[in-house]
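First comes the structure, then the notes that go with it.
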Amino acid sequence: MEVKVGSVQIAVFNVDGDFFALFGRCPHQSAPLSRGRLQGTVICNADTCWETQWAHEGEVLVCPGHGMEYNIRSGKAFGYDLKLRTYEVAVEDGQVMLVM
Amino acid sequence: MADDGQSVIVQRVEPSSNPVQDEDLDQYGDELAGLTIVDVDVHVDDTLMFMLDYMEGHFRKRMETVLQADFKGEPGNSLRNMIAHIAWLGSSYDKPPRAKLATKEDLLARMQKGIIDYSILFPSELLPIGYLPEPEWAAALATAYNQYMVDAYRNLDGVKIAIVVAPQHPERAAQEIESHAAHSDVVSVCIPDVGVNPPIGDEKYWPIFAAAARHDLPISFHGIEALIHDNYPLRVAHFHTLMQVNSMGFPFTSMLQIMSVVCAGIPVRFPNLKFAILEAGLTWMPFIMYRLDAAYLRYRTELPALEKKPSDYIRDWYIGTHELEALPRRGDLVKLIELYQGQDTTMWASDWPHLERDLIAGFMRYEMEDALRRKILGENALRFFGLKPRK
């Protein structure tokens, strides 16, 4: 879902009871990230011995606009020198709160 | 044939009718004094006859056979002309197809003017090496060229050499790099990029990049007219005139090879390896950078090794100014460089003494701040080739 704090849109996700909050607009063309789906992605680096692998299943937020992918935990964009701001989420007495 | 008084006497046209010229340096001598000037694309006479003494076994016999052929009356014969210009022989009418080849004495005379701090020598004769279908023959030619150049042009003030490798033989190419990397006058590995198929990012070529990275030698891609290759990147049959081939061949090849290297993740695998593109002009750089960025949004998962978008890698590539496109306004060059973020990567290149060379006046006519002009005329090249300032 998307919440607005002041003028800032924040995308909040509930993944099996774990909550994640990120800046809610894709820097590319401002598509709403709260409407993106969560899936995995393909990686290839020294850790995989430069073989392609499917990884991060359920942790990759895919922008509904053009498919840019973000690690939902870190906000880091896959394949870009770019990181979305992330927000700490606290749950108290059944209330979900963003720590700003 | 009737003698109508109009017949001409047929005789050989010697390329010496178009001598090596340096008047532009004299014209700008005062303005350039005190500046570091590096000409990053200079050619000397490296026709096949000089390589004969460096060929061995049956390849030496083969070279002897080649040298007995007479192509176009060119002194020493020319692999380049056999391949590159024969399709349009005579099409330039009153101009010889090539300028006089610069001798060692011509080069030294140019350097002795004291204006140019460094000349980087690139191959002429072996620029079509990527076309040659026989890897062993191509590798033998590269080996002979490199040894000839190191023997003939070492220990000359301000003269540095780019060795050439035959990409169709990656193991021999890596050996060439190992053989010459320690020589203080060898400053780059030239990969003639036209006709190289599959494109140069293919994994089969990675031993070349690994060897260059191991010795911290930058890679320079140098183009030539894409003339005879049957399918990559352009076919001669697409065009009726040499002008069209010349205009499209260099930049198309450069774009294809940059795309191939970046998309193969080579800058990720060899993060300290530096790349340059020579003799392809500049104006296509923004196109390929941002076109790839747009496509990358959709196809990133095909390139999972990349850690940033393609233009973030390509803007690190160095690029020679030759053949500088005819930008109409004096402020246009700065605008173009801003578009591809090339303030720290653009290097002045003349292609001296080839006919299509750029006079330095062609660069000086464009308006820019002095700091940027100093970078392009020399400072960027010092960094790319790892050279020390001489002034």
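By order in the structure tokens, chains are A, B, ...; within a chain, residues start at 1; ligands start at 1, following the order shown.
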
Near-Pro207 (chain B) list (9 Å; only C-alpha atoms; drop same-chain fewer than 5 positions) as a PyMOL selection string
chain B and resi 170-171+173-174+212

Interface rows for chain B against chain A: nearest pair, Å to one decimal, 9 Å, only C-alpha atoms, as CSV:
residue,atom,partner,partner_atom,distance
B:Val268,CA,A:Asn45,CA,8.6
B:Arg269,CA,A:Ala46,CA,8.4
B:Leu297,CA,A:Met68,CA,6.0
B:Arg298,CA,A:Gly67,CA,6.2
B:Tyr299,CA,A:Gly67,CA,8.8
B:Arg300,CA,A:Gly79,CA,7.1
B:Thr301,CA,A:Val42,CA,5.9
B:Glu302,CA,A:Val42,CA,8.1
B:Leu303,CA,A:Cys44,CA,8.3
B:Pro304,CA,A:Ile43,CA,5.0
B:Ala305,CA,A:Cys44,CA,4.8
B:Leu306,CA,A:Gly79,CA,5.4
B:Glu307,CA,A:Gly79,CA,4.3
B:Lys308,CA,A:Tyr80,CA,3.7
B:Lys309,CA,A:Tyr80,CA,5.4
B:Asp312,CA,A:Asp81,CA,8.6

Proximity to Ala31 (chain A) - best of A:Val91, A:Cys49, A:Val96, A:Cys63, only C-alpha atoms:
A:Cys63

Gap from CA of Glu203 (chain B) to CA of Met259 (chain B) - Å, one decimal:
14.1 Å

Distance query region 323-325 of chain B at most 7 Å, only C-alpha atoms, self and fewer than 5 positions along chain excluded, as a list in words:
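Using only C-alpha atoms, the neighbours found are Glu279, Ala280, Gly281, Leu282 and Asp358 of chain B.
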
Could those selected residues go to a file with C-alpha atoms, as a compact mmCIF listing (two decimals), in the first residue's frame?
# COMPACT_ATOMS: atom_id res chain seq x y z
CA GLU B 279 38.99 7.30 -35.59
CA ALA B 280 35.24 7.14 -35.23
CA GLY B 281 34.36 10.77 -34.46
CA LEU B 282 32.34 11.83 -31.44
CA ASP B 358 42.32 16.55 -38.75

Could you name the residues that touch Leu387 (chain B) at 9 Å or less, counting only C-alpha atoms, but leaving out those on the same chain fewer than 5 positions away, as a PyMOL selection string?
chain B and resi 118+187+381-382

Name the residues of region 256-296 of chain B that fall into strand (DSSP E) according to DSSP on the backbone, using the chain letters and numbers of this document, as number ranges by chain.
B: 275-278

Taking only C-alpha atoms into account, name the residue in B:Ile314, B:Ser119, B:Ala326, B:Lys113 that is nearest to Asp30 (chain B).
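Of all the options, B:Lys113 lies closest to Asp30 (chain B).
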
10 Å contact set for Pro133 (chain B), only C-alpha atoms, chain neighbours under 4 positions out, as a list in words:
Ile129, Trp137, Ala138, Gln168 and Gly195 of chain B

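CA of Leu127 (chain B) is found 17.7 Å from CA of Pro218 (chain B).
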
So which residues touch Asp16 (chain A) within 12 Å, counting only C-alpha atoms, skipping near sequence neighbours fewer than 3 positions away, as a PyMOL selection string?
chain A and resi 13+19-20+58-59

Could the residues in this selection be written to a file with N, CA, C and O atoms, as a PDB file, in the first residue's frame?
ATOM      1  N   PHE A  13       5.074  -2.546   2.367  1.00  0.00           N
ATOM      2  CA  PHE A  13       4.786  -3.926   1.975  1.00  0.00           C
ATOM      3  C   PHE A  13       4.736  -4.812   3.212  1.00  0.00           C
ATOM      4  O   PHE A  13       5.546  -4.647   4.140  1.00  0.00           O
ATOM      5  N   PHE A  19       7.315  -6.238   7.616  1.00  0.00           N
ATOM      6  CA  PHE A  19       6.953  -4.997   6.934  1.00  0.00           C
ATOM      7  C   PHE A  19       8.197  -4.290   6.396  1.00  0.00           C
ATOM      8  O   PHE A  19       9.241  -4.276   7.036  1.00  0.00           O
ATOM      9  N   PHE A  20       8.037  -3.727   5.192  1.00  0.00           N
ATOM     10  CA  PHE A  20       9.112  -2.968   4.546  1.00  0.00           C
ATOM     11  C   PHE A  20       8.530  -1.664   4.003  1.00  0.00           C
ATOM     12  O   PHE A  20       7.403  -1.653   3.479  1.00  0.00           O
ATOM     13  N   GLY A  58      11.173 -13.283  -3.868  1.00  0.00           N
ATOM     14  CA  GLY A  58      10.238 -12.601  -2.978  1.00  0.00           C
ATOM     15  C   GLY A  58      10.759 -11.307  -2.382  1.00  0.00           C
ATOM     16  O   GLY A  58      10.035 -10.621  -1.659  1.00  0.00           O
ATOM     17  N   GLU A  59      11.992 -10.931  -2.710  1.00  0.00           N
ATOM     18  CA  GLU A  59      12.587  -9.723  -2.116  1.00  0.00           C
ATOM     19  C   GLU A  59      12.872  -8.637  -3.145  1.00  0.00           C
ATOM     20  O   GLU A  59      13.465  -7.615  -2.819  1.00  0.00           O
TER      21      GLU A  59
END

Spatial neighbours of Val164 (chain B), 9 Å, only C-alpha atoms, chain gap at least 6 places, as a PyMOL selection string:
chain B and resi 122-123+126-127+142-143+145-146+173+176-177+188-192

Name the closest residue to Ile72 (chain A) among the candidates A:Pro32, A:Ile10, A:Ala21, A:Glu2; distances are taken between atoms, counting only C-alpha atoms.
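Checking each candidate against Ile72 (chain A), we get A:Ala21 as the closest.
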
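If you look at CA of Gly331 (chain B) and CA of Met368 (chain B), they are 7.3 Å away from each other.
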